[in-house]
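Participant: Hey, dropping entry.cif in here, mmCIF, C-alpha atoms (C1' of nucleotides):
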data_query
#
loop_
_atom_site.label_atom_id
_atom_site.label_comp_id
_atom_site.auth_asym_id
_atom_site.auth_seq_id
_atom_site.Cartn_x
_atom_site.Cartn_y
_atom_site.Cartn_z
CA MET A 92 8.91 21.85 32.89
CA GLU A 93 11.84 21.48 30.51
CA GLU A 94 11.93 19.06 27.66
CA ARG A 95 14.75 16.88 28.98
CA SER A 96 15.05 14.76 32.09
CA LEU A 97 11.51 14.06 33.10
CA PRO A 98 10.53 11.17 35.32
CA ARG A 99 10.68 7.98 33.32
CA ALA A 100 7.00 7.13 33.49
CA GLU A 101 6.03 10.61 32.39
CA ARG A 102 8.57 10.57 29.59
CA ARG A 103 7.23 7.26 28.37
CA ARG A 104 3.67 8.53 28.45
CA ARG A 105 4.52 11.58 26.39
CA THR A 106 6.46 9.66 23.78
CA GLU A 107 3.69 7.14 23.41
CA GLY A 108 1.24 9.99 23.05
CA ARG A 109 3.32 11.66 20.35
CA ILE A 110 3.55 8.40 18.43
CA LEU A 111 -0.18 7.79 18.64
CA ASP A 112 -1.01 11.36 17.61
CA ALA A 113 1.34 11.19 14.65
CA ALA A 114 0.00 7.78 13.66
CA ARG A 115 -3.61 8.90 13.89
CA ALA A 116 -2.93 11.97 11.76
CA LEU A 117 -1.19 9.95 9.07
CA PHE A 118 -3.66 7.08 9.08
CA ALA A 119 -6.47 9.62 8.78
CA ASP A 120 -4.75 11.48 5.95
CA VAL A 121 -3.43 8.73 3.73
CA GLY A 122 -4.75 5.45 5.13
CA TYR A 123 -3.08 2.33 6.44
CA GLU A 124 -0.99 1.26 3.45
CA ARG A 125 0.55 4.63 2.65
CA THR A 126 1.35 5.34 6.27
CA THR A 127 4.88 4.16 6.98
CA ILE A 128 6.43 3.48 10.35
CA ARG A 129 9.26 5.73 9.22
CA ALA A 130 6.90 8.63 8.56
CA VAL A 131 5.19 8.19 11.91
CA ALA A 132 8.57 8.18 13.63
CA LYS A 133 9.70 11.31 11.81
CA ALA A 134 6.49 13.12 12.74
CA ALA A 135 6.95 12.06 16.35
CA GLU A 136 10.64 13.05 16.15
CA ILE A 137 11.98 9.69 17.20
CA ASP A 138 13.65 6.68 15.65
CA PRO A 139 11.50 4.21 13.67
CA ALA A 140 12.72 1.36 15.83
CA LEU A 141 11.20 3.01 18.87
CA VAL A 142 7.75 2.72 17.35
CA MET A 143 8.28 -1.02 17.13
CA GLN A 144 9.40 -1.17 20.76
CA TYR A 145 6.26 0.60 21.84
CA PHE A 146 3.71 -1.20 19.68
CA GLY A 147 5.34 -4.35 18.37
CA ASN A 148 4.17 -4.01 14.79
CA LYS A 149 2.31 -1.74 12.42
CA GLN A 150 -0.93 -3.65 12.78
CA GLU A 151 -0.95 -3.17 16.53
CA LEU A 152 -0.05 0.52 16.17
CA PHE A 153 -3.09 0.94 13.95
CA ARG A 154 -5.25 -0.96 16.41
CA GLN A 155 -4.23 1.33 19.27
CA ALA A 156 -4.50 4.47 17.15
CA VAL A 157 -8.08 3.82 16.10
CA ARG A 158 -9.24 2.34 19.38
CA VAL A 159 -12.39 4.25 20.11
CA THR A 160 -13.73 4.45 23.63
CA PRO A 161 -17.46 3.94 23.10
CA VAL A 162 -19.49 6.51 24.93
CA PRO A 163 -22.22 4.82 26.94
CA GLU A 164 -25.42 6.67 26.11
CA ALA A 165 -28.73 6.79 27.87
CA ASP A 166 -31.85 5.45 26.21
CA LEU A 167 -33.04 7.79 23.50
CA ASP A 168 -35.98 7.61 21.17
CA ALA A 169 -35.61 7.65 17.40
CA ASP A 170 -35.93 11.39 16.93
CA GLU A 171 -33.35 12.08 19.59
CA LEU A 172 -31.00 9.57 18.01
CA VAL A 173 -31.42 11.24 14.62
CA GLU A 174 -30.60 14.59 16.17
CA ARG A 175 -27.57 13.03 17.81
CA LEU A 176 -26.45 11.71 14.45
CA LEU A 177 -26.99 15.06 12.78
CA GLY A 178 -24.99 16.53 15.60
CA THR A 179 -22.03 14.37 14.74
CA ILE A 180 -21.89 16.19 11.43
CA ASN A 181 -21.49 19.28 13.52
CA LEU A 182 -18.60 17.61 15.26
CA LYS A 183 -17.19 16.82 11.86
CA MET A 184 -17.02 20.45 10.85
CA ALA A 185 -14.75 21.00 13.79
CA LYS A 186 -13.14 17.71 12.87
CA LEU A 187 -14.45 14.32 13.79
CA PRO A 188 -12.00 12.50 16.08
CA GLN A 189 -8.84 11.59 14.18
CA SER A 190 -9.22 7.99 15.29
CA SER A 191 -12.58 7.73 13.54
CA LEU A 192 -11.28 9.38 10.39
CA ALA A 193 -8.31 7.01 10.42
CA MET A 194 -10.62 4.03 10.58
CA MET A 195 -12.92 5.35 7.88
CA ARG A 196 -10.04 6.28 5.59
CA SER A 197 -8.72 2.73 5.72
CA MET A 198 -11.94 0.74 5.90
CA LEU A 199 -12.15 0.03 2.17
CA THR A 200 -8.60 -1.18 1.68
CA HIS A 201 -7.40 -2.54 5.01
CA PRO A 202 -9.17 -5.73 6.07
CA GLU A 203 -8.88 -5.13 9.78
CA ALA A 204 -10.17 -1.58 9.42
CA ALA A 205 -13.12 -3.00 7.52
CA VAL A 206 -13.87 -5.34 10.41
CA SER A 207 -13.73 -2.45 12.87
CA ALA A 208 -15.96 -0.31 10.69
CA ARG A 209 -18.51 -3.10 10.40
CA GLU A 210 -18.49 -3.59 14.15
CA VAL A 211 -18.95 0.08 14.92
CA LEU A 212 -21.71 0.43 12.33
CA SER A 213 -23.47 -2.72 13.47
CA GLY A 214 -23.40 -1.49 17.03
CA GLN A 215 -25.01 1.78 16.06
CA ILE A 216 -27.49 0.02 13.80
CA ASP A 217 -28.54 -2.20 16.70
CA ARG A 218 -29.02 0.71 19.03
CA LEU A 219 -31.01 2.69 16.49
CA ALA A 220 -33.10 -0.31 15.46
CA GLU A 221 -34.22 -0.82 19.06
CA SER A 222 -35.95 2.52 19.08
CA LEU A 223 -37.65 2.09 15.71
CA PRO A 224 -41.20 0.76 15.72
CA ALA A 225 -41.39 -0.79 12.25
CA GLU A 226 -40.78 -4.48 11.74
CA ASP A 227 -38.10 -3.73 9.15
CA ALA A 228 -36.32 -1.71 11.83
CA ARG A 229 -32.91 -3.20 11.11
CA VAL A 230 -33.08 -2.35 7.43
CA ARG A 231 -34.15 1.19 8.20
CA ALA A 232 -31.49 1.60 10.85
CA ALA A 233 -28.85 0.26 8.47
CA LEU A 234 -29.88 2.69 5.76
CA VAL A 235 -29.79 5.61 8.18
CA MET A 236 -26.27 4.69 9.21
CA THR A 237 -25.04 4.17 5.64
CA ILE A 238 -26.51 7.55 4.76
CA MET A 239 -24.52 9.15 7.56
CA LEU A 240 -21.50 7.20 6.40
CA GLY A 241 -21.83 8.48 2.86
CA VAL A 242 -22.34 12.09 3.87
CA THR A 243 -19.35 11.89 6.17
CA VAL A 244 -17.18 10.28 3.51
CA GLY A 245 -18.16 12.88 0.93
CA HIS A 246 -17.72 15.69 3.39
CA GLN A 247 -14.69 14.72 5.46
CA LEU A 248 -12.67 12.35 3.31
CA LEU A 249 -13.44 13.20 -0.30
CA GLU A 250 -13.97 16.84 0.64
CA LEU A 251 -16.48 17.47 -2.11
CA ASP A 252 -16.56 21.11 -3.15
CA GLU A 253 -20.33 21.22 -2.78
CA LEU A 254 -20.15 20.30 0.91
CA ARG A 255 -16.73 21.44 2.03
CA ASP A 256 -17.42 24.84 3.51
CA LEU A 257 -21.06 24.51 4.33
CA PRO A 258 -22.43 25.43 7.76
CA HIS A 259 -23.33 22.18 9.45
CA GLU A 260 -26.78 23.53 10.24
CA GLU A 261 -27.58 23.59 6.55
CA ILE A 262 -26.54 20.01 6.02
CA ALA A 263 -28.57 18.99 9.05
CA ARG A 264 -31.57 21.02 7.86
CA VAL A 265 -31.66 19.29 4.46
CA LEU A 266 -30.82 15.87 5.83
CA ARG A 267 -33.27 15.85 8.74
CA PRO A 268 -36.46 15.28 6.72
CA ALA A 269 -34.74 12.51 4.79
CA LEU A 270 -33.74 10.64 7.94
CA ARG A 271 -37.18 11.23 9.46
CA ALA A 272 -38.73 9.74 6.35
CA ILE A 273 -36.86 6.54 7.10
CA THR A 274 -37.24 6.40 10.85
CA ALA A 275 -40.92 7.39 10.86
CA PRO A 276 -42.40 5.27 8.04
CA ASP A 277 -45.82 6.79 7.51
CA GLY A 278 -45.51 10.09 9.32
CA SER A 279 -45.31 9.80 13.10
CA MET B 192 -11.03 -20.93 -32.88
CA GLU B 193 -8.13 -22.50 -31.04
CA GLU B 194 -6.13 -20.79 -28.36
CA ARG B 195 -2.85 -20.65 -30.24
CA SER B 196 -1.90 -18.90 -33.44
CA LEU B 197 -4.49 -16.20 -33.82
CA PRO B 198 -3.95 -13.16 -35.99
CA ARG B 199 -1.67 -10.76 -34.22
CA ALA B 200 -4.18 -7.95 -33.79
CA GLU B 201 -6.76 -10.30 -32.34
CA ARG B 202 -4.25 -11.90 -30.04
CA ARG B 203 -3.19 -8.52 -28.76
CA ARG B 204 -6.78 -7.50 -28.19
CA ARG B 205 -7.52 -10.60 -26.14
CA THR B 206 -4.42 -10.32 -24.00
CA GLU B 207 -5.12 -6.68 -23.26
CA GLY B 208 -8.68 -7.64 -22.36
CA ARG B 209 -7.52 -10.36 -19.99
CA ILE B 210 -5.12 -7.95 -18.29
CA LEU B 211 -7.80 -5.30 -17.86
CA ASP B 212 -10.33 -7.81 -16.54
CA ALA B 213 -7.84 -9.19 -14.04
CA ALA B 214 -6.81 -5.69 -12.99
CA ARG B 215 -10.39 -4.53 -12.54
CA ALA B 216 -11.24 -7.55 -10.42
CA LEU B 217 -8.22 -7.06 -8.18
CA PHE B 218 -8.56 -3.28 -7.88
CA ALA B 219 -12.23 -3.79 -6.99
CA ASP B 220 -11.43 -6.45 -4.41
CA VAL B 221 -8.42 -5.08 -2.58
CA GLY B 222 -7.83 -1.55 -3.90
CA TYR B 223 -4.92 0.10 -5.63
CA GLU B 224 -2.13 -0.38 -3.12
CA ARG B 225 -2.69 -4.07 -2.41
CA THR B 226 -3.08 -4.90 -6.08
CA THR B 227 0.32 -5.93 -7.44
CA ILE B 228 1.38 -6.09 -11.07
CA ARG B 229 2.55 -9.59 -10.33
CA ALA B 230 -0.88 -10.66 -9.13
CA VAL B 231 -2.57 -9.09 -12.16
CA ALA B 232 -0.15 -10.92 -14.44
CA LYS B 233 -0.73 -14.23 -12.71
CA ALA B 234 -4.50 -13.83 -12.97
CA ALA B 235 -4.13 -13.00 -16.67
CA GLU B 236 -1.71 -15.92 -17.07
CA ILE B 237 1.12 -13.88 -18.48
CA ASP B 238 4.46 -12.46 -17.38
CA PRO B 239 4.48 -9.33 -15.19
CA ALA B 240 6.73 -7.59 -17.67
CA LEU B 241 4.05 -7.88 -20.32
CA VAL B 242 1.70 -5.78 -18.22
CA MET B 243 4.31 -3.03 -18.31
CA GLN B 244 4.68 -3.33 -22.08
CA TYR B 245 0.96 -2.91 -22.50
CA PHE B 246 0.30 -0.11 -20.00
CA GLY B 247 3.62 1.48 -19.16
CA ASN B 248 3.13 1.61 -15.42
CA LYS B 249 0.72 0.69 -12.66
CA GLN B 250 -0.83 4.13 -12.55
CA GLU B 251 -1.78 3.96 -16.22
CA LEU B 252 -3.10 0.42 -15.82
CA PHE B 253 -5.40 1.69 -13.10
CA ARG B 254 -6.47 4.62 -15.25
CA GLN B 255 -7.45 2.34 -18.12
CA ALA B 256 -9.08 -0.20 -15.82
CA VAL B 257 -11.42 2.31 -14.20
CA ARG B 258 -12.05 4.39 -17.31
CA VAL B 259 -15.81 4.67 -17.39
CA THR B 260 -17.60 5.45 -20.60
CA PRO B 261 -20.21 7.96 -19.48
CA VAL B 262 -23.64 7.13 -20.82
CA PRO B 263 -25.19 10.21 -22.39
CA GLU B 264 -28.66 10.50 -20.93
CA ALA B 265 -31.70 12.38 -22.07
CA ASP B 266 -33.13 15.18 -19.98
CA LEU B 267 -34.97 13.80 -17.01
CA ASP B 268 -36.84 15.50 -14.22
CA ALA B 269 -35.90 15.05 -10.59
CA ASP B 270 -38.23 12.15 -9.85
CA GLU B 271 -37.03 10.28 -12.87
CA LEU B 272 -33.42 10.87 -11.87
CA VAL B 273 -34.13 9.57 -8.38
CA GLU B 274 -35.68 6.45 -9.85
CA ARG B 275 -32.65 6.09 -12.06
CA LEU B 276 -30.41 6.32 -9.02
CA LEU B 277 -32.48 3.81 -7.10
CA GLY B 278 -32.21 1.59 -10.15
CA THR B 279 -28.45 1.62 -9.94
CA ILE B 280 -28.81 -0.12 -6.59
CA ASN B 281 -30.63 -2.77 -8.54
CA LEU B 282 -27.67 -2.96 -10.84
CA LYS B 283 -25.49 -3.34 -7.79
CA MET B 284 -27.27 -6.44 -6.63
CA ALA B 285 -26.26 -8.03 -9.90
CA LYS B 286 -22.93 -6.32 -9.46
CA LEU B 287 -22.17 -2.75 -10.32
CA PRO B 288 -19.56 -2.55 -13.09
CA GLN B 289 -16.18 -3.70 -11.81
CA SER B 290 -14.60 -0.49 -13.00
CA SER B 291 -16.86 1.55 -10.72
CA LEU B 292 -16.22 -0.73 -7.77
CA ALA B 293 -12.49 -0.49 -8.43
CA MET B 294 -12.65 3.29 -8.35
CA MET B 295 -14.79 3.37 -5.22
CA ARG B 296 -12.64 0.82 -3.42
CA SER B 297 -9.56 2.98 -3.96
CA MET B 298 -11.03 6.47 -3.67
CA LEU B 299 -10.15 6.96 -0.02
CA THR B 300 -6.53 5.87 -0.20
CA HIS B 301 -5.36 6.48 -3.77
CA PRO B 302 -5.12 10.18 -4.68
CA GLU B 303 -5.87 9.71 -8.36
CA ALA B 304 -8.87 7.53 -7.59
CA ALA B 305 -10.08 10.29 -5.28
CA VAL B 306 -9.84 12.80 -8.13
CA SER B 307 -11.82 10.50 -10.42
CA ALA B 308 -14.44 9.90 -7.77
CA ARG B 309 -14.85 13.63 -7.21
CA GLU B 310 -15.19 14.23 -10.94
CA VAL B 311 -17.79 11.53 -11.40
CA LEU B 312 -19.76 12.69 -8.37
CA SER B 313 -19.56 16.35 -9.35
CA GLY B 314 -20.82 15.50 -12.81
CA GLN B 315 -23.82 13.70 -11.40
CA ILE B 316 -24.41 16.42 -8.86
CA ASP B 317 -24.47 19.00 -11.64
CA ARG B 318 -26.93 17.02 -13.69
CA LEU B 319 -29.22 16.42 -10.74
CA ALA B 320 -28.99 20.01 -9.55
CA GLU B 321 -30.21 21.27 -12.92
CA SER B 322 -33.52 19.52 -12.46
CA LEU B 323 -34.05 20.67 -8.89
CA PRO B 324 -36.14 23.81 -8.35
CA ALA B 325 -34.77 24.98 -5.02
CA GLU B 326 -32.09 27.62 -4.80
CA ASP B 327 -29.94 25.32 -2.68
CA ALA B 328 -30.15 22.79 -5.49
CA ARG B 329 -26.45 22.02 -5.45
CA VAL B 330 -26.43 21.21 -1.76
CA ARG B 331 -29.47 19.00 -2.15
CA ALA B 332 -28.01 17.28 -5.18
CA ALA B 333 -24.72 16.73 -3.37
CA LEU B 334 -26.48 15.17 -0.39
CA VAL B 335 -28.51 12.88 -2.62
CA MET B 336 -25.33 11.67 -4.28
CA THR B 337 -23.43 11.17 -1.02
CA ILE B 338 -26.41 9.22 0.27
CA MET B 339 -26.22 6.94 -2.73
CA LEU B 340 -22.49 6.71 -2.21
CA GLY B 341 -22.88 5.67 1.40
CA VAL B 342 -25.53 3.07 0.69
CA THR B 343 -23.40 1.63 -2.10
CA VAL B 344 -20.30 1.54 0.07
CA GLY B 345 -22.14 -0.13 2.91
CA HIS B 346 -23.82 -2.57 0.58
CA GLN B 347 -21.19 -3.40 -2.04
CA LEU B 348 -17.85 -2.74 -0.40
CA LEU B 349 -18.33 -3.18 3.33
CA GLU B 350 -21.02 -5.79 2.70
CA LEU B 351 -22.91 -5.03 5.88
CA ASP B 352 -24.87 -8.02 7.10
CA GLU B 353 -28.01 -5.92 7.38
CA LEU B 354 -27.98 -5.07 3.69
CA ARG B 355 -26.09 -7.91 2.04
CA ASP B 356 -28.84 -10.22 0.91
CA LEU B 357 -31.70 -7.81 0.71
CA PRO B 358 -33.94 -7.57 -2.37
CA HIS B 359 -33.07 -4.30 -4.05
CA GLU B 360 -36.74 -3.39 -4.19
CA GLU B 361 -36.79 -3.19 -0.43
CA ILE B 362 -33.82 -0.87 -0.27
CA ALA B 363 -35.36 1.28 -2.95
CA ARG B 364 -38.72 1.28 -1.17
CA VAL B 365 -37.23 2.56 2.09
CA LEU B 366 -34.83 4.93 0.42
CA ARG B 367 -37.27 6.52 -2.02
CA PRO B 368 -39.15 8.72 0.47
CA ALA B 369 -35.85 9.89 1.93
CA LEU B 370 -34.50 11.01 -1.45
CA ARG B 371 -37.84 12.60 -2.33
CA ALA B 372 -37.71 14.53 0.93
CA ILE B 373 -34.51 16.12 -0.30
CA THR B 374 -35.38 16.67 -3.95
CA ALA B 375 -38.89 17.96 -3.25
CA PRO B 376 -38.35 20.40 -0.35
CA ASP B 377 -41.89 21.08 0.87
CA GLY B 378 -43.83 18.31 -0.82
CA SER B 379 -44.18 18.62 -4.57
"C1'" DC C 76 28.52 5.22 44.61
"C1'" DC C 77 27.64 1.33 41.69
"C1'" DC C 78 24.82 -1.74 39.34
"C1'" DT C 79 20.58 -2.27 37.04
"C1'" DT C 80 16.90 -0.68 34.33
"C1'" DC C 81 15.16 1.34 30.35
"C1'" DG C 82 14.26 4.99 26.83
"C1'" DC C 83 16.33 5.60 22.68
"C1'" DT C 84 19.43 5.37 18.52
"C1'" DC C 85 22.04 3.15 14.80
"C1'" DA C 86 22.96 0.07 11.32
"C1'" DA C 87 21.40 -3.53 9.08
"C1'" DC C 88 18.54 -7.61 7.27
"C1'" DG C 89 15.04 -9.72 4.36
"C1'" DT C 90 11.43 -9.13 1.39
"C1'" DA C 91 8.13 -7.56 -1.91
"C1'" DC C 92 7.40 -4.53 -5.17
"C1'" DG C 93 7.52 -1.64 -9.72
"C1'" DT C 94 10.19 -1.54 -13.43
"C1'" DT C 95 13.86 -2.53 -17.12
"C1'" DG C 96 16.66 -4.68 -20.84
"C1'" DA C 97 18.09 -8.52 -23.29
"C1'" DC C 98 16.39 -12.43 -25.31
"C1'" DT C 99 13.14 -16.17 -27.91
"C1'" DC C 100 10.17 -17.41 -31.32
"C1'" DA C 101 6.21 -17.36 -34.16
"C1'" DA C 102 3.56 -14.28 -37.37
"C1'" DC C 103 3.98 -11.38 -41.19
"C1'" DG C 104 5.17 -8.89 -45.69
"C1'" DA C 105 7.82 -8.86 -49.92
"C1'" DT D 239 12.40 -17.90 -48.71
"C1'" DC D 240 14.30 -14.41 -45.91
"C1'" DG D 241 14.45 -10.43 -43.13
"C1'" DT D 242 11.49 -7.78 -40.02
"C1'" DT D 243 8.10 -7.04 -36.68
"C1'" DG D 244 6.03 -7.81 -32.44
"C1'" DA D 245 4.04 -10.80 -28.66
"C1'" DG D 246 5.78 -12.87 -24.84
"C1'" DT D 247 9.42 -14.56 -21.35
"C1'" DC D 248 13.36 -14.41 -18.17
"C1'" DA D 249 16.45 -12.67 -15.00
"C1'" DA D 250 17.67 -8.92 -12.72
"C1'" DC D 251 17.99 -4.06 -10.72
"C1'" DG D 252 16.88 -0.48 -7.35
"C1'" DT D 253 14.10 0.93 -3.80
"C1'" DA D 254 11.14 1.34 0.10
"C1'" DC D 255 9.35 -0.91 3.60
"C1'" DG D 256 8.57 -3.58 8.20
"C1'" DT D 257 11.32 -5.35 11.40
"C1'" DT D 258 15.47 -6.80 14.38
"C1'" DG D 259 19.53 -6.80 17.49
"C1'" DA D 260 23.33 -4.62 19.42
"C1'" DG D 261 24.72 -0.82 21.74
"C1'" DC D 262 24.72 3.98 24.31
"C1'" DG D 263 23.71 6.95 28.02
"C1'" DA D 264 20.95 8.77 31.49
"C1'" DA D 265 17.54 7.71 35.31
"C1'" DG D 266 16.60 5.03 39.41
"C1'" DG D 267 17.22 2.15 43.49
"C1'" DG D 268 20.23 0.09 47.12
#
Would you mind giving the structure from this file in structure tokens?

Facilitator:
Amino acid sequence: MEERSLPRAERRRRTEGRILDAARALFADVGYERTTIRAVAKAAEIDPALVMQYFGNKQELFRQAVRVTPVPEADLDADELVERLLGTINLKMAKLPQSSLAMMRSMLTHPEAAVSAREVLSGQIDRLAESLPAEDARVRAALVMTIMLGVTVGHQLLELDELRDLPHEEIARVLRPALRAITAPDGS
Amino acid sequence: MEERSLPRAERRRRTEGRILDAARALFADVGYERTTIRAVAKAAEIDPALVMQYFGNKQELFRQAVRVTPVPEADLDADELVERLLGTINLKMAKLPQSSLAMMRSMLTHPEAAVSAREVLSGQIDRLAESLPAEDARVRAALVMTIMLGVTVGHQLLELDELRDLPHEEIARVLRPALRAITAPDGS
DNA sequence: CCCTTCGCTCAACGTACGTTGACTCAACGA
DNA sequence: TCGTTGAGTCAACGTACGTTGAGCGAAGGG
């Protein structure tokens, strides 16, 4: 399959994909403000104006780039959810999805990214809180999620030397008792 | 003491103070990129050009605004350090220093803020690691600090509903066992 | 084969920003 | 009192950005 003269639909799909990939990479690396339409276009090897034709404006490009398809999960108990969370750190070592990194990178400085981040976190807090017995379940669930947020930020975005090249099992091993201490108040 | 006609030195001091206060507030609220010299000047009720005369450029203004005077602390053991950390959450309820919030708000999108954040965190990780017995002290210290980072981000910057108006004692109460689980590996 | 559709480029507009240089005027020192 | 210093203002420059509209050329349908 040569580069030129593909069916129109296919050609459109590929171009849109290249734009989204380039946008995700840049949003994840430098955040919303420092990512320019021009830079996205150059990375996707097209003209800046084409980005506008595809997505209308920068805001909408960001929206599409970070759109995360929520994975419907079966009912899990607290311990299983904690393991699932610790597993996402694993994922992170091999790179958390660019869309998530893009959202996290921008959540402190771009209002709409902040809204998305709050929504995603609240959703996960709700799900975790449901499987916690304590009456302060929401507080505990929120703290678990902010802990994961902080570790991910330090590890993936700030790239702290102390965590950078650490086998994910070790992070999980040290973190597990801490999360358990929150999810299982007085020893389960 | 009237507003006009103060001694020159005093007048200079006050103007510089107003600029720095305005800059800190804006950097803390919207981050480095969205904070404009013009907005800082308007908040300080002066001309934008005066900001340049005082600080040279935006980068240097940010540097001065977030400059944190590190408090030299006595030697503390791990438990005392954890309590100290939990206490800073207390401080946060009554507002963490604007300079710290400004740095945190910008750390994911402004390279120099990221460097500062890493330095501050590394310093605290070092200090905490010294008072931890385990051989993986640095990893444990790093995780404790990223946990505090995440809770602070969720609480102060993202302002998650679940944490927003929560008495700091409650956060500390739930968080304490988790931090202890990391600093005191197999029960101290 | 021709007309339409459409992916794509090119050149440009308007704006907001950081930054600069010339200027004003009151405080200051002799 | 007079010349100098320095705080503060004003108008403007250059630039980078998001965004737009006209146009080109190949694909697609009749």

Participant: Find the residues near segment 253-262 of chain D: any atom within 8 Å, counting all atoms listed in the file, skip ones fewer than 3 places away on the same chain, and give them as an MDAnalysis selection string.

Facilitator: (chainID A and resid 127:128 143 148:149) or (chainID C and resid 84 88)

Participant: Determine, counting all atoms listed in the file, which protein, DNA and RNA residues have an atom within 8 Å of an atom of Met336 of chain B; residues of the same chain fewer than 5 positions away are not included. Present the result as a PyMOL selection string.

Facilitator: chain B and resi 312+315-316

Participant: For chain B, which of C:DA91, C:DC76, C:DC85, C:DA97 is the closest residue, counting all atoms listed in the file?

Facilitator: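 Ranked by minimum distance to chain B, first place goes to C:DA91.
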
Participant: Given the file above and the PyMOL selection byres ((chain C) within 12 of (chain A)), which residues are selected, and can you give them as a compact mmCIF listing (two decimals) with C-alpha atoms (C1' of nucleotides), keeping the file's coordinate frame?

Facilitator:
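For reference, selection_18.txt as written:
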# COMPACT_ATOMS: atom_id res chain seq x y z
C1' DT C 80 16.90 -0.68 34.33
C1' DC C 81 15.16 1.34 30.35
C1' DG C 82 14.26 4.99 26.83
C1' DC C 83 16.33 5.60 22.68
C1' DT C 84 19.43 5.37 18.52
C1' DC C 85 22.04 3.15 14.80
C1' DA C 86 22.96 0.07 11.32

Participant: Residues of chain B within 7 Å of chain A, counting all atoms listed in the file - could you list those as a ChimeraX atom specification?

Facilitator: /B:221-222,224,296,299-300,305,309,329-331,333-334,337-338,340-342,345,348-349,351,353-354,365,368-370,372-373

Participant: Is it possible to add N, CA and C atoms to segment 318-329 of chain B and hand it back as an mmCIF file, in the coordinates of the input?

Facilitator:
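This went into selection_16.cif:
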data_model
loop_
_atom_site.group_PDB
_atom_site.id
_atom_site.type_symbol
_atom_site.label_atom_id
_atom_site.label_comp_id
_atom_site.auth_asym_id
_atom_site.auth_seq_id
_atom_site.Cartn_x
_atom_site.Cartn_y
_atom_site.Cartn_z
ATOM 1 N N ARG B 318 -25.760 17.420 -12.900
ATOM 2 C CA ARG B 318 -26.930 17.020 -13.690
ATOM 3 C C ARG B 318 -28.191 17.005 -12.836
ATOM 4 N N LEU B 319 -28.047 16.483 -11.614
ATOM 5 C CA LEU B 319 -29.220 16.420 -10.740
ATOM 6 C C LEU B 319 -29.643 17.816 -10.299
ATOM 7 N N ALA B 320 -28.666 18.658 -10.040
ATOM 8 C CA ALA B 320 -28.990 20.010 -9.550
ATOM 9 C C ALA B 320 -29.789 20.792 -10.584
ATOM 10 N N GLU B 321 -29.498 20.540 -11.861
ATOM 11 C CA GLU B 321 -30.210 21.270 -12.920
ATOM 12 C C GLU B 321 -31.712 21.027 -12.883
ATOM 13 N N SER B 322 -32.096 19.840 -12.437
ATOM 14 C CA SER B 322 -33.520 19.520 -12.460
ATOM 15 C C SER B 322 -34.182 19.732 -11.099
ATOM 16 N N LEU B 323 -33.454 20.360 -10.187
ATOM 17 C CA LEU B 323 -34.050 20.670 -8.890
ATOM 18 C C LEU B 323 -34.448 22.147 -8.864
ATOM 19 N N PRO B 324 -35.631 22.437 -8.349
ATOM 20 C CA PRO B 324 -36.140 23.810 -8.350
ATOM 21 C C PRO B 324 -35.468 24.701 -7.305
ATOM 22 N N ALA B 325 -35.214 24.161 -6.142
ATOM 23 C CA ALA B 325 -34.770 24.980 -5.020
ATOM 24 C C ALA B 325 -33.494 25.756 -5.328
ATOM 25 N N GLU B 326 -33.280 26.813 -4.572
ATOM 26 C CA GLU B 326 -32.090 27.620 -4.800
ATOM 27 C C GLU B 326 -30.843 26.967 -4.194
ATOM 28 N N ASP B 327 -31.074 26.076 -3.222
ATOM 29 C CA ASP B 327 -29.940 25.320 -2.680
ATOM 30 C C ASP B 327 -29.827 23.979 -3.394
ATOM 31 N N ALA B 328 -30.107 24.015 -4.690
ATOM 32 C CA ALA B 328 -30.150 22.790 -5.490
ATOM 33 C C ALA B 328 -28.846 22.006 -5.410
ATOM 34 N N ARG B 329 -27.738 22.714 -5.449
ATOM 35 C CA ARG B 329 -26.450 22.020 -5.450
ATOM 36 C C ARG B 329 -26.208 21.264 -4.142
#
